[in-house]
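**Student:** This is the structure I want to talk about, given as structure tokens.
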Amino acid sequence: MSAPAHFAPGTPVRVGTGDPPSHVRTPRYIRGKPGVIERICGRFGNPERLAYGGDGQPKQTLYRVRFRQDAIWPDYAGAAQDTVDIEIYEHWLSADSDKS
Amino acid sequence: MERGVHDLGGLPGGPVDKSEHDYLPWEKSVDAILSLLVNDKRLMRVDELRRGIESLDADAYNQLSYYQRWIASIAAILVEKSVFTKAELEARIAGIDARLRAGATS
């Protein structure tokens with residue numbers, strides 16, 4: 001692998017807050033939220049470039065990221081251990097050292 | 001940026017319709033057209049399909065059914081790529097429409 005995944009499973013990450021006018025694969029409700037890398041899904045052509053006729057290079061690592069529901073929804077009334085998994089490309093993620 | 005009309009996560013959505021239904025013949029045709037364009041002709045990618053669907057204006061997005069959104073996006077992407085012009089597409093639609101009307105009244 002010429003470009004290894006930047007984040008290992010178990011790593012705390014935070015989703016970027018970017019709001020480009022273009023096609024993106026990161027739903028709005030998860031932007032800025034903290035999660036943990038659940039697994040590395042592989043490397044794929046970047047859909048945000050493929051969507052405009054580009055070749056999708058360089059490929060992006062795709063992760064499955066696990067989020068606590070009560071970290072996403074302020075008024076979440078379900079169980080504290082409830083989570084949601086979202087597949088997110090590496091360029092949307094940064095390491096999250098915030099333990100809050 | 002304003003929230004895209006397609007980006008619904010977190011909004012009240014009401015109950016989910018879980019009923020099973022068959023695809024209509026034209027819906028299968030749309031699916032086949034996309035498959036031909038993506039896998040056989042390599043004229044477009046599914047990522048472009050999605051971008052085209054997200055580019056529909058909010059009224060169109062809300063009024064169109066799932067496969068209507070697909071064919072609207074496919075047409076827009078192929079016009080964008082100069083596979084055919086909007087005028088050519090409209091002329092073809094008008095011709096088929098006229099033929100169907102003639103057939104229906106004869």
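Chain labels A, B, ... are given in the sequence in which chains occur in the structure tokens; within each chain residues are numbered consecutively from 1, and ligands are likewise numbered from 1 in the order shown.
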Report as a compact mmCIF listing (two decimals) with N, CA and C atoms, in the first residue's frame all protein, DNA and RNA residues lying within 9 Å of region 45-52 of chain A, evaluated on only C-alpha atoms, omitting residues in the same chain fewer than 3 positions from it.
**Tutor:**
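Wrote out_16.txt, looks like this:
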# COMPACT_ATOMS: atom_id res chain seq x y z
N SER A 22 -20.55 22.01 -3.34
CA SER A 22 -20.44 20.90 -4.29
C SER A 22 -20.99 19.61 -3.69
N HIS A 23 -20.96 18.55 -4.51
CA HIS A 23 -21.41 17.24 -4.07
C HIS A 23 -20.46 16.67 -3.03
N VAL A 24 -20.97 16.33 -1.87
CA VAL A 24 -20.15 15.70 -0.83
C VAL A 24 -20.89 14.47 -0.30
N ARG A 25 -20.14 13.58 0.36
CA ARG A 25 -20.72 12.34 0.86
C ARG A 25 -20.85 12.34 2.37
N ASP A 55 -11.26 11.84 -12.46
CA ASP A 55 -10.86 10.43 -12.37
C ASP A 55 -10.85 9.92 -10.92
N GLY A 56 -11.15 10.80 -9.95
CA GLY A 56 -11.25 10.35 -8.56
C GLY A 56 -9.92 10.18 -7.86
N GLN A 57 -8.82 10.56 -8.55
CA GLN A 57 -7.50 10.40 -7.95
C GLN A 57 -7.10 11.68 -7.20
N PRO A 58 -6.33 11.61 -6.14
CA PRO A 58 -5.89 10.37 -5.50
C PRO A 58 -7.03 9.68 -4.77
N LYS A 59 -6.90 8.36 -4.67
CA LYS A 59 -7.90 7.60 -3.93
C LYS A 59 -7.90 8.05 -2.47
N GLN A 60 -9.06 7.89 -1.86
CA GLN A 60 -9.23 8.27 -0.46
C GLN A 60 -9.54 7.03 0.37
N THR A 61 -8.96 7.00 1.56
CA THR A 61 -9.34 5.92 2.48
C THR A 61 -10.73 6.21 3.04
N TYR A 89 -15.08 9.53 4.28
CA TYR A 89 -13.76 9.57 3.64
C TYR A 89 -12.77 10.35 4.49
N ARG B 45 -20.81 8.31 -14.49
CA ARG B 45 -20.61 7.52 -13.27
C ARG B 45 -21.79 7.73 -12.33
N VAL B 46 -21.95 6.78 -11.41
CA VAL B 46 -23.05 6.91 -10.46
C VAL B 46 -22.87 8.15 -9.57
N ASP B 47 -21.61 8.55 -9.38
CA ASP B 47 -21.36 9.76 -8.59
C ASP B 47 -21.95 10.98 -9.29
N GLU B 48 -21.86 10.98 -10.61
CA GLU B 48 -22.47 12.07 -11.38
C GLU B 48 -23.99 12.00 -11.30
N LEU B 49 -24.52 10.79 -11.32
CA LEU B 49 -25.97 10.63 -11.16
C LEU B 49 -26.43 11.28 -9.86
N ARG B 50 -25.70 11.00 -8.79
CA ARG B 50 -26.08 11.55 -7.49
C ARG B 50 -25.96 13.06 -7.49
N ARG B 51 -24.88 13.56 -8.07
CA ARG B 51 -24.70 15.01 -8.11
C ARG B 51 -25.84 15.66 -8.89
N GLY B 52 -26.25 15.00 -9.99
CA GLY B 52 -27.35 15.52 -10.79
C GLY B 52 -28.67 15.53 -10.02
**Student:** Kindly assemble as JSON lines a list of the chain B residues that lie within 12 Å of chain A, each paired with its nearest atom pair and their distance in Å to one decimal, using only C-alpha atoms, sorted first by chain and then by ascending residue number.
**Tutor:**
{"residue": "B:Met1", "atom": "CA", "partner": "A:Asp19", "partner_atom": "CA", "distance": 6.2}
{"residue": "B:Glu2", "atom": "CA", "partner": "A:Pro21", "partner_atom": "CA", "distance": 8.7}
{"residue": "B:Arg3", "atom": "CA", "partner": "A:Arg28", "partner_atom": "CA", "distance": 7.6}
{"residue": "B:Gly4", "atom": "CA", "partner": "A:Arg28", "partner_atom": "CA", "distance": 8.9}
{"residue": "B:Val5", "atom": "CA", "partner": "A:Arg28", "partner_atom": "CA", "distance": 11.3}
{"residue": "B:His6", "atom": "CA", "partner": "A:Pro27", "partner_atom": "CA", "distance": 9.7}
{"residue": "B:Asp7", "atom": "CA", "partner": "A:Pro27", "partner_atom": "CA", "distance": 6.4}
{"residue": "B:Leu8", "atom": "CA", "partner": "A:Pro27", "partner_atom": "CA", "distance": 8.4}
{"residue": "B:Gly9", "atom": "CA", "partner": "A:Tyr29", "partner_atom": "CA", "distance": 6.1}
{"residue": "B:Gly10", "atom": "CA", "partner": "A:Tyr29", "partner_atom": "CA", "distance": 6.5}
{"residue": "B:Leu11", "atom": "CA", "partner": "A:Tyr29", "partner_atom": "CA", "distance": 9.4}
{"residue": "B:Arg42", "atom": "CA", "partner": "A:Gly53", "partner_atom": "CA", "distance": 11.1}
{"residue": "B:Leu43", "atom": "CA", "partner": "A:Gly53", "partner_atom": "CA", "distance": 9.5}
{"residue": "B:Met44", "atom": "CA", "partner": "A:Gly53", "partner_atom": "CA", "distance": 7.5}
{"residue": "B:Arg45", "atom": "CA", "partner": "A:Leu50", "partner_atom": "CA", "distance": 7.1}
{"residue": "B:Val46", "atom": "CA", "partner": "A:Ala51", "partner_atom": "CA", "distance": 7.7}
{"residue": "B:Asp47", "atom": "CA", "partner": "A:Ala51", "partner_atom": "CA", "distance": 4.4}
{"residue": "B:Glu48", "atom": "CA", "partner": "A:Ala51", "partner_atom": "CA", "distance": 4.1}
{"residue": "B:Leu49", "atom": "CA", "partner": "A:Ala51", "partner_atom": "CA", "distance": 7.6}
{"residue": "B:Arg50", "atom": "CA", "partner": "A:Ala51", "partner_atom": "CA", "distance": 7.4}
{"residue": "B:Arg51", "atom": "CA", "partner": "A:His23", "partner_atom": "CA", "distance": 5.7}
{"residue": "B:Gly52", "atom": "CA", "partner": "A:Ala51", "partner_atom": "CA", "distance": 8.6}
{"residue": "B:Ile53", "atom": "CA", "partner": "A:His23", "partner_atom": "CA", "distance": 10.1}
{"residue": "B:Glu54", "atom": "CA", "partner": "A:His23", "partner_atom": "CA", "distance": 7.6}
{"residue": "B:Ser55", "atom": "CA", "partner": "A:His23", "partner_atom": "CA", "distance": 8.8}
{"residue": "B:Ser73", "atom": "CA", "partner": "A:Ala51", "partner_atom": "CA", "distance": 12.0}
{"residue": "B:Ile77", "atom": "CA", "partner": "A:Tyr52", "partner_atom": "CA", "distance": 9.6}
{"residue": "B:Leu78", "atom": "CA", "partner": "A:Gly53", "partner_atom": "CA", "distance": 11.4}
{"residue": "B:Glu80", "atom": "CA", "partner": "A:Tyr52", "partner_atom": "CA", "distance": 10.4}
{"residue": "B:Lys81", "atom": "CA", "partner": "A:Gly53", "partner_atom": "CA", "distance": 9.1}
**Student:** Could you name the residues that touch Glu27 (chain B) at 12 Å or less, counting only C-alpha atoms, but leaving out those on the same chain fewer than 2 positions away, as a short mmCIF file (atom, residue, chain, number, x, y, z; two decimals) with N, CA and C atoms, in the first residue's frame?
**Tutor:**
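The resulting result.cif:
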data_model
loop_
_atom_site.label_atom_id
_atom_site.label_comp_id
_atom_site.auth_asym_id
_atom_site.auth_seq_id
_atom_site.Cartn_x
_atom_site.Cartn_y
_atom_site.Cartn_z
N ASP B 22 -43.92 -3.66 -6.90
CA ASP B 22 -43.18 -4.02 -8.11
C ASP B 22 -42.71 -2.77 -8.82
N TYR B 23 -41.62 -2.91 -9.52
CA TYR B 23 -41.16 -1.79 -10.35
C TYR B 23 -42.00 -1.74 -11.62
N LEU B 24 -42.29 -0.52 -12.06
CA LEU B 24 -43.00 -0.35 -13.32
C LEU B 24 -42.03 -0.57 -14.47
N PRO B 25 -42.55 -0.95 -15.65
CA PRO B 25 -41.65 -1.20 -16.77
C PRO B 25 -40.72 -0.01 -17.08
N SER B 29 -36.61 0.33 -17.18
CA SER B 29 -35.89 0.89 -18.33
C SER B 29 -34.86 1.92 -17.87
N VAL B 30 -35.28 2.77 -16.93
CA VAL B 30 -34.35 3.79 -16.42
C VAL B 30 -33.15 3.11 -15.78
N ASP B 31 -33.41 2.08 -14.99
CA ASP B 31 -32.32 1.36 -14.34
C ASP B 31 -31.38 0.76 -15.39
N ALA B 32 -31.96 0.21 -16.45
CA ALA B 32 -31.15 -0.39 -17.51
C ALA B 32 -30.34 0.66 -18.26
N ILE B 33 -30.97 1.83 -18.49
CA ILE B 33 -30.26 2.92 -19.18
C ILE B 33 -29.04 3.35 -18.38
N LEU B 34 -29.23 3.51 -17.08
CA LEU B 34 -28.08 3.92 -16.26
C LEU B 34 -26.98 2.86 -16.31
N SER B 65 -40.66 11.24 -8.49
CA SER B 65 -40.47 9.97 -7.82
C SER B 65 -38.99 9.56 -7.95
N TYR B 66 -38.64 8.47 -7.30
CA TYR B 66 -37.25 8.03 -7.26
C TYR B 66 -36.63 7.91 -8.66
N TYR B 67 -37.30 7.13 -9.54
CA TYR B 67 -36.71 6.94 -10.86
C TYR B 67 -36.93 8.13 -11.77
N GLN B 68 -37.91 8.98 -11.49
CA GLN B 68 -38.03 10.24 -12.23
C GLN B 68 -36.83 11.13 -11.94
N ARG B 69 -36.38 11.12 -10.68
CA ARG B 69 -35.17 11.89 -10.35
C ARG B 69 -33.98 11.32 -11.12
N TRP B 70 -33.91 10.01 -11.19
CA TRP B 70 -32.80 9.38 -11.92
C TRP B 70 -32.76 9.85 -13.38
N ILE B 71 -33.90 9.77 -14.07
CA ILE B 71 -33.88 10.06 -15.50
C ILE B 71 -33.68 11.56 -15.74
#
**Student:** Do you know which residues are at most 8 Å from Arg64 (chain A) counting only C-alpha atoms, after dropping those on the same chain fewer than 4 positions away, and could you put them as a VMD selection string?
**Tutor:** chain A and resid 37 to 41 85 to 88
**Student:** Write the residues you've just listed into a file as a PDB file, in the first residue's frame, and include N, CA and C atoms for each of them.
**Tutor:**
ATOM      1  N   ILE A  37     -13.016   5.608  15.046  1.00  0.00           N
ATOM      2  CA  ILE A  37     -12.845   4.747  13.879  1.00  0.00           C
ATOM      3  C   ILE A  37     -13.256   3.320  14.242  1.00  0.00           C
ATOM      4  N   GLU A  38     -14.224   2.785  13.520  1.00  0.00           N
ATOM      5  CA  GLU A  38     -14.677   1.417  13.794  1.00  0.00           C
ATOM      6  C   GLU A  38     -13.920   0.432  12.918  1.00  0.00           C
ATOM      7  N   ARG A  39     -13.695   0.795  11.663  1.00  0.00           N
ATOM      8  CA  ARG A  39     -12.882  -0.038  10.770  1.00  0.00           C
ATOM      9  C   ARG A  39     -12.445   0.772   9.559  1.00  0.00           C
ATOM     10  N   ILE A  40     -11.441   0.224   8.889  1.00  0.00           N
ATOM     11  CA  ILE A  40     -10.999   0.788   7.619  1.00  0.00           C
ATOM     12  C   ILE A  40     -11.700  -0.003   6.516  1.00  0.00           C
ATOM     13  N   CYS A  41     -12.435   0.683   5.661  1.00  0.00           N
ATOM     14  CA  CYS A  41     -13.211  -0.005   4.617  1.00  0.00           C
ATOM     15  C   CYS A  41     -12.390  -0.245   3.350  1.00  0.00           C
ATOM     16  N   ASP A  85     -23.328   4.132  12.837  1.00  0.00           N
ATOM     17  CA  ASP A  85     -22.096   4.026  12.057  1.00  0.00           C
ATOM     18  C   ASP A  85     -22.290   4.748  10.720  1.00  0.00           C
ATOM     19  N   ILE A  86     -21.312   5.547  10.349  1.00  0.00           N
ATOM     20  CA  ILE A  86     -21.371   6.266   9.077  1.00  0.00           C
ATOM     21  C   ILE A  86     -20.042   6.081   8.361  1.00  0.00           C
ATOM     22  N   GLU A  87     -20.094   5.808   7.063  1.00  0.00           N
ATOM     23  CA  GLU A  87     -18.852   5.663   6.305  1.00  0.00           C
ATOM     24  C   GLU A  87     -18.439   7.026   5.766  1.00  0.00           C
ATOM     25  N   ILE A  88     -17.211   7.417   6.120  1.00  0.00           N
ATOM     26  CA  ILE A  88     -16.735   8.779   5.864  1.00  0.00           C
ATOM     27  C   ILE A  88     -15.321   8.714   5.281  1.00  0.00           C
TER      28      ILE A  88
END
**Student:** What residues in chain A get the DSSP label helix (DSSP H, G or I)? Please answer as a PyMOL selection string.
**Tutor:** chain A and resi 28-30+47-50+69-72+90-92
**Student:** I'd like to know which residues of chain A are strand (DSSP E or B) (by DSSP, run on the backbone); could you write them as a PyMOL selection string?
**Tutor:** chain A and resi 12-15+34-44+60-68+83-89+93-95
**Student:** Generate the output file for the selected residues, N, CA and C atoms, as an mmCIF file, in the first residue's frame.
**Tutor:**
data_model
loop_
_atom_site.group_PDB
_atom_site.id
_atom_site.type_symbol
_atom_site.label_atom_id
_atom_site.label_comp_id
_atom_site.auth_asym_id
_atom_site.auth_seq_id
_atom_site.Cartn_x
_atom_site.Cartn_y
_atom_site.Cartn_z
ATOM 1 N N PRO A 12 -9.977 8.169 18.167
ATOM 2 C CA PRO A 12 -11.019 9.207 18.220
ATOM 3 C C PRO A 12 -10.807 10.218 17.082
ATOM 4 N N VAL A 13 -11.869 10.536 16.403
ATOM 5 C CA VAL A 13 -11.779 11.502 15.297
ATOM 6 C C VAL A 13 -12.933 12.501 15.411
ATOM 7 N N ARG A 14 -12.790 13.577 14.664
ATOM 8 C CA ARG A 14 -13.883 14.541 14.583
ATOM 9 C C ARG A 14 -14.128 14.849 13.111
ATOM 10 N N VAL A 15 -15.392 14.948 12.745
ATOM 11 C CA VAL A 15 -15.761 15.222 11.357
ATOM 12 C C VAL A 15 -15.593 16.712 11.083
ATOM 13 N N PRO A 34 -17.920 14.243 17.166
ATOM 14 C CA PRO A 34 -16.832 13.328 17.508
ATOM 15 C C PRO A 34 -17.277 11.869 17.376
ATOM 16 N N GLY A 35 -16.369 11.046 16.886
ATOM 17 C CA GLY A 35 -16.652 9.619 16.772
ATOM 18 C C GLY A 35 -15.362 8.827 16.927
ATOM 19 N N VAL A 36 -15.449 7.534 16.706
ATOM 20 C CA VAL A 36 -14.287 6.645 16.834
ATOM 21 C C VAL A 36 -14.217 5.772 15.583
ATOM 22 N N ILE A 37 -13.016 5.608 15.046
ATOM 23 C CA ILE A 37 -12.845 4.747 13.879
ATOM 24 C C ILE A 37 -13.256 3.320 14.242
ATOM 25 N N GLU A 38 -14.224 2.785 13.520
ATOM 26 C CA GLU A 38 -14.677 1.417 13.794
ATOM 27 C C GLU A 38 -13.920 0.432 12.918
ATOM 28 N N ARG A 39 -13.695 0.795 11.663
ATOM 29 C CA ARG A 39 -12.882 -0.038 10.770
ATOM 30 C C ARG A 39 -12.445 0.772 9.559
ATOM 31 N N ILE A 40 -11.441 0.224 8.889
ATOM 32 C CA ILE A 40 -10.999 0.788 7.619
ATOM 33 C C ILE A 40 -11.700 -0.003 6.516
ATOM 34 N N CYS A 41 -12.435 0.683 5.661
ATOM 35 C CA CYS A 41 -13.211 -0.005 4.617
ATOM 36 C C CYS A 41 -12.390 -0.245 3.350
ATOM 37 N N GLY A 42 -11.369 0.552 3.136
ATOM 38 C CA GLY A 42 -10.576 0.400 1.917
ATOM 39 C C GLY A 42 -10.292 1.764 1.299
ATOM 40 N N ARG A 43 -9.687 1.703 0.116
ATOM 41 C CA ARG A 43 -9.383 2.957 -0.588
ATOM 42 C C ARG A 43 -10.185 2.998 -1.884
ATOM 43 N N PHE A 44 -10.774 4.130 -2.157
ATOM 44 C CA PHE A 44 -11.671 4.256 -3.305
ATOM 45 C C PHE A 44 -11.444 5.596 -4.001
ATOM 46 N N GLN A 60 -9.056 7.885 -1.857
ATOM 47 C CA GLN A 60 -9.234 8.273 -0.463
ATOM 48 C C GLN A 60 -9.536 7.030 0.365
ATOM 49 N N THR A 61 -8.964 6.996 1.560
ATOM 50 C CA THR A 61 -9.339 5.917 2.484
ATOM 51 C C THR A 61 -10.734 6.208 3.037
ATOM 52 N N LEU A 62 -11.550 5.158 3.023
ATOM 53 C CA LEU A 62 -12.908 5.258 3.570
ATOM 54 C C LEU A 62 -12.942 4.521 4.907
ATOM 55 N N TYR A 63 -13.482 5.175 5.914
ATOM 56 C CA TYR A 63 -13.589 4.575 7.254
ATOM 57 C C TYR A 63 -15.053 4.398 7.625
ATOM 58 N N ARG A 64 -15.299 3.400 8.457
ATOM 59 C CA ARG A 64 -16.592 3.339 9.129
ATOM 60 C C ARG A 64 -16.381 3.957 10.500
ATOM 61 N N VAL A 65 -17.100 5.013 10.777
ATOM 62 C CA VAL A 65 -16.916 5.760 12.022
ATOM 63 C C VAL A 65 -18.158 5.581 12.887
ATOM 64 N N ARG A 66 -17.919 5.300 14.169
ATOM 65 C CA ARG A 66 -19.031 5.063 15.107
ATOM 66 C C ARG A 66 -19.234 6.291 15.984
ATOM 67 N N PHE A 67 -20.484 6.727 16.056
ATOM 68 C CA PHE A 67 -20.847 7.915 16.830
ATOM 69 C C PHE A 67 -21.864 7.529 17.886
ATOM 70 N N ARG A 68 -21.747 8.134 19.057
ATOM 71 C CA ARG A 68 -22.796 7.969 20.077
ATOM 72 C C ARG A 68 -23.990 8.819 19.660
ATOM 73 N N THR A 83 -25.593 3.782 19.196
ATOM 74 C CA THR A 83 -24.622 4.393 18.290
ATOM 75 C C THR A 83 -25.163 4.359 16.864
ATOM 76 N N VAL A 84 -24.511 5.117 16.000
ATOM 77 C CA VAL A 84 -24.783 5.054 14.563
ATOM 78 C C VAL A 84 -23.430 4.989 13.857
ATOM 79 N N ASP A 85 -23.328 4.132 12.837
ATOM 80 C CA ASP A 85 -22.096 4.026 12.057
ATOM 81 C C ASP A 85 -22.290 4.748 10.720
ATOM 82 N N ILE A 86 -21.312 5.547 10.349
ATOM 83 C CA ILE A 86 -21.371 6.266 9.077
ATOM 84 C C ILE A 86 -20.042 6.081 8.361
ATOM 85 N N GLU A 87 -20.094 5.808 7.063
ATOM 86 C CA GLU A 87 -18.852 5.663 6.305
ATOM 87 C C GLU A 87 -18.439 7.026 5.766
ATOM 88 N N ILE A 88 -17.211 7.417 6.120
ATOM 89 C CA ILE A 88 -16.735 8.779 5.864
ATOM 90 C C ILE A 88 -15.321 8.714 5.281
ATOM 91 N N TYR A 89 -15.080 9.532 4.279
ATOM 92 C CA TYR A 89 -13.764 9.571 3.643
ATOM 93 C C TYR A 89 -12.766 10.353 4.491
ATOM 94 N N LEU A 93 -11.964 13.869 7.984
ATOM 95 C CA LEU A 93 -11.701 13.524 9.380
ATOM 96 C C LEU A 93 -10.404 14.137 9.890
ATOM 97 N N SER A 94 -10.391 14.474 11.179
ATOM 98 C CA SER A 94 -9.146 14.856 11.838
ATOM 99 C C SER A 94 -9.096 14.163 13.195
ATOM 100 N N ALA A 95 -7.858 14.015 13.722
ATOM 101 C CA ALA A 95 -7.706 13.380 15.035
ATOM 102 C C ALA A 95 -8.404 14.245 16.072
#
**Student:** Find the distance between CA of Leu89 (chain B) and CA of Leu37 (chain B) and write it in Å to one decimal.
**Tutor:**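 So the answer is 16.3 Å.
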**Student:** So, with only C-alpha atoms as the atoms that count, which of A:Pro4, A:Asp82, A:Gly10, A:Pro74 lies closest to Lys33 (chain A)?
**Tutor:** A:Pro74
**Student:** Between CA of Thr11 (chain A) and CA of Ala79 (chain A), measure the distance and give it in Å to one decimal.
**Tutor:**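 Taking CA of Thr11 (chain A) and CA of Ala79 (chain A), their separation equals 23.1 Å.
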**Student:** What is the CA of Asp70 (chain A)-CA of Trp92 (chain A) distance in Å, reported with one decimal?
**Tutor:** 21.1 Å
